[in-house]
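K.L.:
File data.cif below, mmCIF, C-alpha atoms and all ligand atoms:
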```
data_run
loop_
_atom_site.label_atom_id
_atom_site.label_comp_id
_atom_site.auth_asym_id
_atom_site.auth_seq_id
_atom_site.Cartn_x
_atom_site.Cartn_y
_atom_site.Cartn_z
CA MET P 1 230.96 91.82 144.72
CA GLU P 2 233.46 94.68 144.70
CA ASN P 3 236.93 94.16 146.16
CA LYS P 4 240.64 94.64 145.37
CA ILE P 5 240.57 92.13 142.52
CA THR P 6 237.44 93.42 140.83
CA SER P 7 238.82 96.96 140.91
CA LEU P 8 242.33 95.89 139.80
CA PHE P 9 240.94 94.29 136.63
CA ASN P 10 237.72 96.33 136.33
CA ILE P 11 235.53 93.19 136.39
CA LYS P 12 232.28 92.24 138.16
CA TYR P 13 233.30 89.09 140.04
CA PRO P 14 236.73 88.11 141.46
CA ILE P 15 236.73 84.91 139.38
CA ILE P 16 239.62 84.33 136.99
CA GLN P 17 239.70 81.57 134.41
CA GLY P 18 243.26 80.24 134.56
CA GLY P 19 245.29 80.06 131.35
CA MET P 20 245.31 76.42 130.21
CA ILE P 21 247.30 74.96 127.35
CA TRP P 22 245.07 73.40 124.68
CA ASN P 23 241.93 74.53 126.53
CA SER P 24 241.78 78.29 126.77
CA GLY P 25 241.61 80.04 123.44
CA TYR P 26 239.66 83.23 122.76
CA LYS P 27 236.27 81.45 122.88
CA LEU P 28 236.68 80.44 126.51
CA ALA P 29 238.41 83.65 127.59
CA SER P 30 235.76 85.91 126.02
CA ALA P 31 232.88 83.81 127.42
CA VAL P 32 234.27 84.14 130.96
CA SER P 33 234.89 87.87 130.54
CA ASN P 34 231.41 88.42 129.09
CA ALA P 35 229.98 86.70 132.20
CA GLY P 36 231.75 89.16 134.53
CA GLY P 37 234.89 87.17 135.39
CA LEU P 38 238.34 87.56 133.87
CA GLY P 39 239.11 85.24 130.96
CA LEU P 40 242.73 84.42 130.09
CA ILE P 41 244.01 83.20 126.73
CA GLY P 42 246.59 80.46 127.36
CA ALA P 43 249.62 81.36 125.26
CA GLY P 44 251.51 78.22 126.32
CA SER P 45 250.22 76.06 123.48
CA MET P 46 250.21 78.73 120.76
CA TYR P 47 252.77 79.78 118.18
CA PRO P 48 253.22 83.56 118.45
CA GLU P 49 251.17 84.38 115.35
CA VAL P 50 248.37 82.06 116.50
CA LEU P 51 248.36 83.93 119.81
CA ARG P 52 248.05 87.22 117.92
CA GLN P 53 244.97 85.90 116.10
CA HIS P 54 243.39 84.77 119.38
CA ILE P 55 243.96 88.19 120.93
CA GLN P 56 242.40 89.93 117.91
CA LYS P 57 239.40 87.57 117.94
CA CYS P 58 239.00 88.01 121.69
CA LYS P 59 238.83 91.79 121.29
CA LYS P 60 235.95 91.28 118.82
CA ALA P 61 234.17 88.72 121.02
CA THR P 62 234.11 90.85 124.18
CA ASP P 63 234.26 94.50 125.16
CA LYS P 64 235.14 93.46 128.72
CA PRO P 65 238.68 93.13 130.12
CA PHE P 66 240.57 89.91 129.34
CA GLY P 67 244.17 88.82 129.73
CA VAL P 68 246.85 86.45 128.47
CA ASN P 69 248.74 83.79 130.47
CA VAL P 70 252.38 83.35 129.46
CA PRO P 71 254.36 80.40 130.84
CA MET P 72 257.87 81.84 130.58
CA LEU P 73 259.70 78.59 129.94
CA TYR P 74 259.29 78.69 126.16
CA PRO P 75 262.15 79.86 123.89
CA ASN P 76 260.00 82.36 121.96
CA VAL P 77 258.90 84.26 125.07
CA GLU P 78 260.41 87.56 123.85
CA GLU P 79 258.42 87.43 120.62
CA ILE P 80 255.27 86.70 122.65
CA MET P 81 255.86 89.64 125.00
CA ASN P 82 256.29 91.99 122.03
CA ILE P 83 253.03 90.76 120.51
CA LEU P 84 251.22 91.46 123.79
CA VAL P 85 252.44 95.05 123.68
CA GLU P 86 251.72 95.49 119.96
CA GLU P 87 248.18 94.16 120.39
CA GLY P 88 247.50 96.40 123.39
CA VAL P 89 246.86 93.56 125.87
CA LYS P 90 246.11 95.12 129.26
CA ILE P 91 246.51 92.18 131.65
CA VAL P 92 249.21 89.47 131.68
CA PHE P 93 249.54 86.50 134.02
CA THR P 94 253.08 85.09 133.93
CA SER P 95 253.97 81.61 135.22
CA ALA P 96 256.78 79.03 135.18
CA GLY P 97 259.74 81.35 135.45
CA ASN P 98 261.37 84.22 137.30
CA PRO P 99 258.98 87.20 137.72
CA LYS P 100 261.94 89.60 137.63
CA THR P 101 262.64 88.84 133.97
CA TRP P 102 259.54 90.42 132.38
CA THR P 103 257.57 92.34 135.02
CA SER P 104 259.30 95.72 134.51
CA PHE P 105 259.04 95.51 130.72
CA LEU P 106 255.33 94.73 130.90
CA LYS P 107 254.62 97.40 133.51
CA GLU P 108 256.55 100.04 131.53
CA ASN P 109 254.14 99.27 128.72
CA GLY P 110 251.13 99.94 130.94
CA ILE P 111 250.23 96.29 131.51
CA THR P 112 248.82 94.93 134.80
CA VAL P 113 251.03 91.99 135.77
CA VAL P 114 250.16 88.97 137.90
CA HIS P 115 252.53 86.09 138.62
CA VAL P 116 251.64 82.48 139.55
CA VAL P 117 253.54 80.81 142.42
CA SER P 118 253.25 77.68 144.55
CA SER P 119 255.09 78.83 147.70
CA SER P 120 255.20 81.87 149.99
CA LYS P 121 258.92 82.29 149.21
CA PHE P 122 258.17 82.86 145.54
CA ALA P 123 255.10 84.95 146.36
CA LEU P 124 257.41 87.35 148.15
CA LYS P 125 259.83 87.34 145.20
CA ALA P 126 256.96 88.16 142.85
CA GLN P 127 255.90 91.06 145.07
CA GLU P 128 259.51 92.31 145.14
CA ALA P 129 259.58 92.12 141.34
CA GLY P 130 256.70 94.63 141.30
CA VAL P 131 253.69 92.53 140.27
CA ASP P 132 250.18 93.90 140.86
CA ALA P 133 248.84 90.64 142.31
CA VAL P 134 249.92 87.08 143.00
CA VAL P 135 248.20 83.78 142.20
CA ALA P 136 249.08 81.16 144.83
CA GLU P 137 248.37 77.71 143.47
CA GLY P 138 248.05 74.67 145.73
CA PHE P 139 249.02 71.05 145.10
CA GLU P 140 245.44 70.09 144.18
CA ALA P 141 245.68 72.05 140.94
CA GLY P 142 245.67 70.57 137.46
CA GLY P 143 248.70 71.06 135.24
CA HIS P 144 252.17 72.09 136.38
CA ASN P 145 252.56 72.10 140.08
CA GLY P 146 254.80 72.92 143.04
CA ARG P 147 257.48 70.53 144.26
CA GLU P 148 256.73 71.14 147.95
CA GLU P 149 253.23 69.64 147.73
CA THR P 150 251.70 72.55 149.69
CA THR P 151 247.91 72.31 149.54
CA THR P 152 245.69 75.33 148.96
CA LEU P 153 244.34 75.15 152.52
CA THR P 154 247.81 75.69 153.96
CA LEU P 155 249.33 77.79 151.16
CA ILE P 156 246.81 80.65 151.11
CA PRO P 157 247.09 81.72 154.78
CA MET P 158 250.89 81.38 154.64
CA VAL P 159 251.16 83.54 151.53
CA ARG P 160 248.67 86.02 153.03
CA GLU P 161 250.98 86.40 156.01
CA LYS P 162 253.92 87.29 153.73
CA ILE P 163 252.57 89.62 151.03
CA THR P 164 250.51 92.82 150.88
CA VAL P 165 249.53 92.85 147.18
CA PRO P 166 246.17 91.28 146.25
CA LEU P 167 246.14 87.48 146.46
CA ILE P 168 244.32 85.11 144.12
CA ALA P 169 243.85 81.49 145.26
CA ALA P 170 244.11 78.59 142.81
CA GLY P 171 243.93 74.83 143.14
CA GLY P 172 240.81 72.90 144.04
CA VAL P 173 238.29 75.72 143.56
CA ALA P 174 235.37 74.82 141.31
CA THR P 175 232.36 75.98 143.33
CA GLY P 176 231.15 79.08 145.14
CA ARG P 177 231.66 77.24 148.44
CA GLY P 178 235.31 76.62 147.57
CA MET P 179 235.62 80.28 146.62
CA LEU P 180 234.19 81.42 149.96
CA ALA P 181 236.53 79.03 151.81
CA VAL P 182 239.71 80.40 150.24
CA MET P 183 238.52 83.98 150.66
CA VAL P 184 238.00 83.29 154.37
CA LEU P 185 241.61 82.05 154.39
CA GLY P 186 242.82 85.40 153.03
CA ALA P 187 242.43 85.34 149.25
CA ASP P 188 240.89 88.30 147.41
CA GLY P 189 239.81 86.22 144.42
CA VAL P 190 240.08 82.81 142.77
CA GLN P 191 241.73 81.36 139.68
CA VAL P 192 239.81 78.37 138.38
CA GLY P 193 241.22 75.91 135.83
CA SER P 194 239.76 72.40 135.84
CA ARG P 195 236.12 73.52 136.11
CA PHE P 196 236.53 75.66 132.95
CA ALA P 197 238.37 72.88 131.10
CA ALA P 198 235.03 71.04 131.24
CA SER P 199 233.09 73.87 129.61
CA ILE P 200 231.49 74.09 126.19
CA GLU P 201 233.87 76.86 125.10
CA SER P 202 237.04 75.03 126.16
CA SER P 203 238.99 74.12 123.02
CA SER P 204 239.97 70.68 124.34
CA HIS P 205 238.72 67.46 122.70
CA ASP P 206 235.35 66.02 123.77
CA HIS P 207 237.10 62.78 124.80
CA PHE P 208 239.16 64.76 127.31
CA LYS P 209 236.09 66.61 128.60
CA ASP P 210 234.27 63.27 129.10
CA THR P 211 237.31 61.95 130.99
CA ILE P 212 237.04 64.90 133.38
CA LEU P 213 233.41 63.98 134.09
CA GLN P 214 234.39 60.37 134.78
CA ALA P 215 237.25 61.31 137.12
CA GLU P 216 236.84 60.44 140.79
CA GLU P 217 238.84 60.90 143.95
CA GLY P 218 242.26 59.41 143.27
CA SER P 219 242.01 59.61 139.47
CA THR P 220 244.88 62.13 139.26
CA GLN P 221 248.47 62.17 140.49
CA VAL P 222 251.46 64.50 140.36
CA THR P 223 254.41 62.98 138.53
CA LEU P 224 257.61 63.96 136.65
CA LYS P 225 258.91 65.89 139.65
CA GLU P 226 262.48 65.80 138.29
CA LEU P 227 261.51 67.63 135.10
CA ALA P 228 258.44 69.75 135.78
CA PRO P 229 255.91 68.30 138.25
CA VAL P 230 252.52 67.90 136.60
CA ARG P 231 249.12 66.67 137.85
CA LEU P 232 247.40 64.44 135.33
CA ILE P 233 244.93 61.59 134.91
CA LYS P 234 246.36 58.13 135.66
CA ASN P 235 245.99 56.70 132.15
CA LYS P 236 248.38 54.45 130.18
CA PHE P 237 250.80 57.32 129.52
CA TYR P 238 250.99 57.93 133.28
CA GLN P 239 251.54 54.18 133.84
CA ASP P 240 254.39 54.19 131.27
CA ILE P 241 256.06 56.94 133.32
CA GLN P 242 255.69 54.90 136.52
CA ASP P 243 257.10 51.78 134.79
CA LEU P 244 260.09 53.81 133.65
CA TYR P 245 260.56 55.15 137.21
CA ALA P 246 260.86 51.55 138.43
CA LYS P 247 264.03 51.33 136.27
CA CYS P 248 265.60 54.45 137.88
CA PRO P 249 265.69 56.48 134.66
CA THR P 250 267.97 59.41 133.90
CA PRO P 251 266.26 62.79 133.30
CA GLU P 252 267.10 62.33 129.59
CA GLU P 253 265.19 59.03 129.49
CA LEU P 254 262.20 60.70 131.17
CA LYS P 255 262.36 63.57 128.68
CA GLU P 256 262.43 61.12 125.80
CA LEU P 257 259.29 59.36 127.06
CA LEU P 258 257.53 62.67 127.64
CA GLY P 259 258.33 63.79 124.10
CA ARG P 260 257.07 67.17 122.99
CA ALA P 261 253.50 66.70 121.93
CA ARG P 262 251.92 64.54 124.64
CA ALA P 263 249.74 67.32 126.04
CA LYS P 264 248.44 68.20 122.57
CA LYS P 265 247.86 64.52 121.79
CA GLY P 266 245.85 63.99 124.97
CA MET P 267 243.89 67.17 125.55
CA PHE P 268 243.52 68.58 122.03
CA GLU P 269 243.48 65.45 119.86
CA GLY P 270 241.66 63.27 122.41
CA ASP P 271 244.13 60.36 122.60
CA LEU P 272 243.21 59.12 126.08
CA VAL P 273 245.79 56.32 126.00
CA GLU P 274 249.07 57.88 124.85
CA GLY P 275 248.32 61.53 125.64
CA GLU P 276 248.94 63.69 128.70
CA LEU P 277 245.65 64.62 130.38
CA GLU P 278 246.24 67.48 132.81
CA ILE P 279 243.48 68.05 135.36
CA GLY P 280 243.12 68.87 139.06
CA GLN P 281 241.87 66.79 141.99
CA ILE P 282 238.61 68.76 141.94
CA ALA P 283 237.67 66.93 138.71
CA GLY P 284 235.95 64.46 141.05
CA LEU P 285 233.39 67.19 141.74
CA ILE P 286 232.75 68.09 138.09
CA HIS P 287 229.73 66.23 136.72
CA GLU P 288 228.56 68.31 133.78
CA ILE P 289 229.98 70.15 130.81
CA LEU P 290 228.46 73.63 131.04
CA PRO P 291 228.72 76.95 129.22
CA ALA P 292 231.48 79.02 130.83
CA GLY P 293 228.99 81.80 131.62
CA THR P 294 226.82 79.33 133.57
CA ILE P 295 229.88 78.19 135.53
CA VAL P 296 230.53 81.80 136.56
CA GLU P 297 226.84 82.39 137.44
CA ASN P 298 226.67 79.16 139.47
CA MET P 299 229.80 80.04 141.41
CA VAL P 300 228.47 83.50 142.28
CA ARG P 301 225.10 82.07 143.40
CA GLU P 302 226.71 79.31 145.50
CA PHE P 303 229.10 81.84 147.03
CA GLU P 304 226.19 84.09 148.12
CA ASP P 305 224.16 81.10 149.42
CA ALA P 306 227.12 79.76 151.39
CA LYS P 307 227.80 83.21 152.85
CA ARG P 308 224.22 83.36 154.15
CA GLU P 309 224.71 80.02 155.90
CA VAL P 310 227.81 81.18 157.75
CA PRO P 311 226.03 82.78 160.76
CA SER P 312 224.47 79.39 161.56
CA PHE P 313 227.96 77.96 162.16
C1 LIG P 401 244.45 71.45 131.45
C2 LIG P 401 245.21 72.47 132.23
C3 LIG P 401 246.19 73.22 131.61
C4 LIG P 401 246.87 74.22 132.32
N1 LIG P 401 247.80 75.00 131.67
C5 LIG P 401 248.36 76.06 132.31
C6 LIG P 401 249.19 76.97 131.61
O1 LIG P 401 249.40 76.88 130.41
N2 LIG P 401 249.76 78.00 132.32
C7 LIG P 401 249.52 78.17 133.66
O2 LIG P 401 250.05 79.12 134.26
N3 LIG P 401 248.73 77.31 134.34
C8 LIG P 401 248.13 76.30 133.70
N4 LIG P 401 247.25 75.48 134.37
C9 LIG P 401 246.85 75.84 135.75
C10 LIG P 401 245.58 76.71 135.75
O3 LIG P 401 245.81 77.95 135.15
C11 LIG P 401 245.03 76.92 137.18
O4 LIG P 401 245.92 77.66 137.98
C12 LIG P 401 244.74 75.60 137.87
O5 LIG P 401 244.05 74.75 137.01
C13 LIG P 401 243.90 75.85 139.13
O6 LIG P 401 243.61 74.65 139.80
P1 LIG P 401 242.31 73.74 139.46
O7 LIG P 401 242.70 72.90 138.30
O8 LIG P 401 242.12 72.93 140.69
O9 LIG P 401 241.18 74.68 139.18
C14 LIG P 401 246.58 74.45 133.69
C15 LIG P 401 245.60 73.67 134.31
C16 LIG P 401 244.90 72.71 133.60
C17 LIG P 401 243.82 71.92 134.29
#
```
Spit out the file's structure as structure tokens when you get a sec.

P.N.:
Amino acid sequence: MENKITSLFNIKYPIIQGGMIWNSGYKLASAVSNAGGLGLIGAGSMYPEVLRQHIQKCKKATDKPFGVNVPMLYPNVEEIMNILVEEGVKIVFTSAGNPKTWTSFLKENGITVVHVVSSSKFALKAQEAGVDAVVAEGFEAGGHNGREETTTLTLIPMVREKITVPLIAAGGVATGRGMLAVMVLGADGVQVGSRFAASIESSSHDHFKDTILQAEEGSTQVTLKELAPVRLIKNKFYQDIQDLYAKCPTPEELKELLGRARAKKGMFEGDLVEGELEIGQIAGLIHEILPAGTIVENMVREFEDAKREVPSF
């Protein structure tokens, strides 16, 4: 399955496991890379020295390419970028920030840089900043999300129209059929989050993984648009946010409710009541916790099967 994305990263399949706080440590990233996709360590929930350990363990667990996702909103981002260079990381996916800030630094250090966006305007800005590829993530996606509510089905062809660098589609892709659909729309590859959150190698708590399996259509919602829009499961924590909204809260009051450790509490410690449980709409299609390698294999098989059916349309 050779194309622009497989040759950019030197991988077998254009399937990227999205960086996910509290889910994607070295075990998940190396399992995806060993299966022929591209695994990403999610730096967003790691102290810098913890990240360093994950990178070192990942190098031992796979001889295939892997990368690191860095949400740029954290205060210690400079320390993280220096660690990436020191550890010889070859691929970095940046998100949640301005791509201009770090792209040149990373590229000067020989790193392939990809930036995550949720609109064609920011896709263009990322291309102008010199990135090697763009991830365009639709409103279906789990975790932090765009304000404009642009779905993957509309976002991908609009971004394709604007940029010339390779395009990776994210949001709502968990099967080979979904992968084929977004590639028909103009993507060169896919970034998959939710499906890999429900894998054996994901570092999240079993309670969270079981919640993903139980999720149905309508189980998730995007909220906290004033702070940082996030798609999550509609549990008690979500209901507390809605109750506060009914009182027209100030951003400070929202921040206070959110606190700092809700995502850790929910996804890592398994508190399904008070914790933040980030997952995408596609959770309604996830019925089994599988090894990450099997998820990759299944997607490739489904993709090839679906492609064979296309002439009959
Ligand atoms: C639990 C969870 C945590 C996430 N954390 C991050 C993150 O730290 N950085 C990031 O850029 N994207 C993050 N994302 C987004 C994913 O990398 C990916 O783009 C998204 O999940 C794709 O949509 P899908 O959930 O429909 O597969 C997260 C998604 C989930 C489900």

K.L.:
Name all residues at most 12 Å from range 298-307 of chain P (count all atoms listed in the file; drop same-chain ones fewer than 5 positions away) and give them as a PyMOL selection string.

P.N.:
chain P and resi 1+12-16+35-37+173-184+189-190+192+195-196+290-293+312-313

K.L.:
What are the nearest atom pairs, with distances in Å to one decimal, for all residues of chain P that come at most 8 Å from ligand LIG 401 (chain P), using only C-alpha atoms and all ligand atoms, set out by chain and rising residue number as a tab-separated table?

P.N.:
```
residue	atom	partner	partner_atom	distance
P:Gln17	CA	P:LIG401	O3	7.1
P:Gly18	CA	P:LIG401	O3	3.5
P:Gly19	CA	P:LIG401	O3	4.4
P:Met20	CA	P:LIG401	N1	3.2
P:Ile21	CA	P:LIG401	O1	4.2
P:Trp22	CA	P:LIG401	C3	7.0
P:Asn23	CA	P:LIG401	C1	6.3
P:Gly42	CA	P:LIG401	O1	5.5
P:Ala43	CA	P:LIG401	O1	6.8
P:Gly44	CA	P:LIG401	O1	4.8
P:Ser45	CA	P:LIG401	O1	7.0
P:Asn69	CA	P:LIG401	O2	6.2
P:Val70	CA	P:LIG401	N2	6.6
P:Pro71	CA	P:LIG401	N2	5.4
P:Phe93	CA	P:LIG401	O2	7.4
P:Thr94	CA	P:LIG401	O2	6.7
P:Ser95	CA	P:LIG401	O2	4.7
P:Ala96	CA	P:LIG401	O2	6.8
P:Val116	CA	P:LIG401	O2	6.5
P:Val135	CA	P:LIG401	O4	7.8
P:Glu137	CA	P:LIG401	O4	6.0
P:Gly138	CA	P:LIG401	O6	7.4
P:Glu140	CA	P:LIG401	O8	5.6
P:Ala141	CA	P:LIG401	O6	3.5
P:Gly142	CA	P:LIG401	O7	3.9
P:Gly143	CA	P:LIG401	C15	4.2
P:His144	CA	P:LIG401	N4	6.3
P:Ala170	CA	P:LIG401	C13	4.6
P:Gly171	CA	P:LIG401	O6	3.4
P:Gly172	CA	P:LIG401	O8	3.6
P:Val173	CA	P:LIG401	O9	5.3
P:Ala174	CA	P:LIG401	O9	6.2
P:Gln191	CA	P:LIG401	O4	5.8
P:Val192	CA	P:LIG401	O9	4.0
P:Gly193	CA	P:LIG401	O5	3.3
P:Ser194	CA	P:LIG401	O7	3.9
P:Arg195	CA	P:LIG401	O9	6.0
P:Phe196	CA	P:LIG401	O9	7.8
P:Ala197	CA	P:LIG401	C1	6.3
P:Met267	CA	P:LIG401	C1	7.3
P:Leu277	CA	P:LIG401	C1	7.0
P:Glu278	CA	P:LIG401	C1	4.6
P:Ile279	CA	P:LIG401	C17	4.0
P:Gly280	CA	P:LIG401	O7	4.1
P:Gln281	CA	P:LIG401	O8	6.3
P:Ile282	CA	P:LIG401	O8	5.6
P:Ala283	CA	P:LIG401	O8	7.7
```

K.L.:
Using all atoms listed in the file for the distances, tell me which of P:Glu309, P:Asp188, P:Glu274, P:Glu288 is nearest to Ala215 in chain P.

P.N.:
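The shortest atom-to-atom distance to Ala215 in chain P comes from P:Glu288.
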
K.L.:
Between P:Phe208, P:Glu276, P:Arg160, P:Pro251, which residue has the minimum interatomic distance to Gln239 in chain P, considering only C-alpha atoms?

P.N.:
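Going through P:Phe208, P:Glu276, P:Arg160, P:Pro251 one by one, the smallest distance to Gln239 in chain P is for P:Glu276.
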
K.L.:
Pick out the residues sitting within 10 Å of Glu226 in chain P, and hand them over as a ChimeraX atom specification; count all atoms listed in the file, and ignore anything fewer than 5 positions along from it in its own chain.

P.N.:
/P:147,250-251,254-255

K.L.:
Expressed in Å to a single decimal, how great is the separation between CA of Ile289 in chain P and CA of Ile200 in chain P?

P.N.:
6.3 Å

K.L.:
Pick the closest to Ala263 in chain P from P:Lys247, P:His205, P:Lys57, P:His287: which is it, counting all atoms listed in the file?

P.N.:
P:His205

K.L.:
Using all atoms listed in the file, can you tell me which of P:Ile286, P:Gln221, P:Lys265, P:Pro166 comes closest to Lys209 in chain P?

P.N.:
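When distances to Lys209 in chain P are compared using all atoms listed in the file, the smallest one comes from P:Ile286.
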
K.L.:
Hey, which bits of range 5-80 of chain P sit within 12 Å of range 129-133 of chain P, and for each residue what's the closest pair of atoms and how far apart in Å (one decimal), counting only C-alpha atoms, rows by chain and increasing number, as CSV?

P.N.:
```
residue,atom,partner,partner_atom,distance
P:Ile5,CA,P:Ala133,CA,8.4
P:Thr6,CA,P:Ala133,CA,11.8
P:Ser7,CA,P:Asp132,CA,11.8
P:Leu8,CA,P:Asp132,CA,8.2
P:Phe9,CA,P:Asp132,CA,10.2
```

K.L.:
CA of Ile168 in chain P and CA of Ile156 in chain P, how far apart in Å?

P.N.:
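Answer for the CA of Ile156 in chain P to CA of Ile168 in chain P separation: 8.7 Å.
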
K.L.:
Counting all atoms listed in the file, which of P:Thr294, P:Gln127, P:Asn76, P:Thr62 gets nearest to Ser199 in chain P?

P.N.:
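Comparing P:Thr294, P:Gln127, P:Asn76, P:Thr62 against Ser199 in chain P, the winner is P:Thr294.
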
K.L.:
Pick from P:Val85, P:Ala261, P:Ile241, P:Ala246: nearest to Phe105 in chain P, with only C-alpha atoms counted?

P.N.:
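Closest to Phe105 in chain P of all the choices is P:Val85.
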
K.L.:
If I take CA of Leu258 in chain P and CA of Ala123 in chain P, how far is one from the other in Å, to one decimal?

P.N.:
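Interatomic distance here is 29.2 Å.
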
K.L.:
Hey, what's within 8 Å of Leu106 in chain P if we count all atoms listed in the file and toss same-chain stuff fewer than 6 positions away? As a PDB file with C-alpha atoms, in the coordinates of the input, please?

P.N.:
```pdb
ATOM      1  CA  MET P  81     255.860  89.640 125.000  1.00  0.00           C
ATOM      2  CA  VAL P  85     252.440  95.050 123.680  1.00  0.00           C
ATOM      3  CA  THR P 112     248.820  94.930 134.800  1.00  0.00           C
ATOM      4  CA  VAL P 113     251.030  91.990 135.770  1.00  0.00           C
TER       5      VAL P 113
END
```

K.L.:
Can you pull out the residues contacting Ile83 in chain P? Cut-off 10 Å, using only C-alpha atoms, and skip same-chain residues under 4 positions away; I want them as a PDB file with C-alpha atoms, in the frame of the given file.

P.N.:
```
ATOM      1  CA  PRO P  48     253.220  83.560 118.450  1.00  0.00           C
ATOM      2  CA  GLU P  49     251.170  84.380 115.350  1.00  0.00           C
ATOM      3  CA  LEU P  51     248.360  83.930 119.810  1.00  0.00           C
ATOM      4  CA  ARG P  52     248.050  87.220 117.920  1.00  0.00           C
ATOM      5  CA  ILE P  55     243.960  88.190 120.930  1.00  0.00           C
ATOM      6  CA  VAL P  77     258.900  84.260 125.070  1.00  0.00           C
ATOM      7  CA  GLU P  78     260.410  87.560 123.850  1.00  0.00           C
ATOM      8  CA  GLU P  79     258.420  87.430 120.620  1.00  0.00           C
ATOM      9  CA  GLU P  87     248.180  94.160 120.390  1.00  0.00           C
ATOM     10  CA  GLY P  88     247.500  96.400 123.390  1.00  0.00           C
ATOM     11  CA  VAL P  89     246.860  93.560 125.870  1.00  0.00           C
TER      12      VAL P  89
END
```
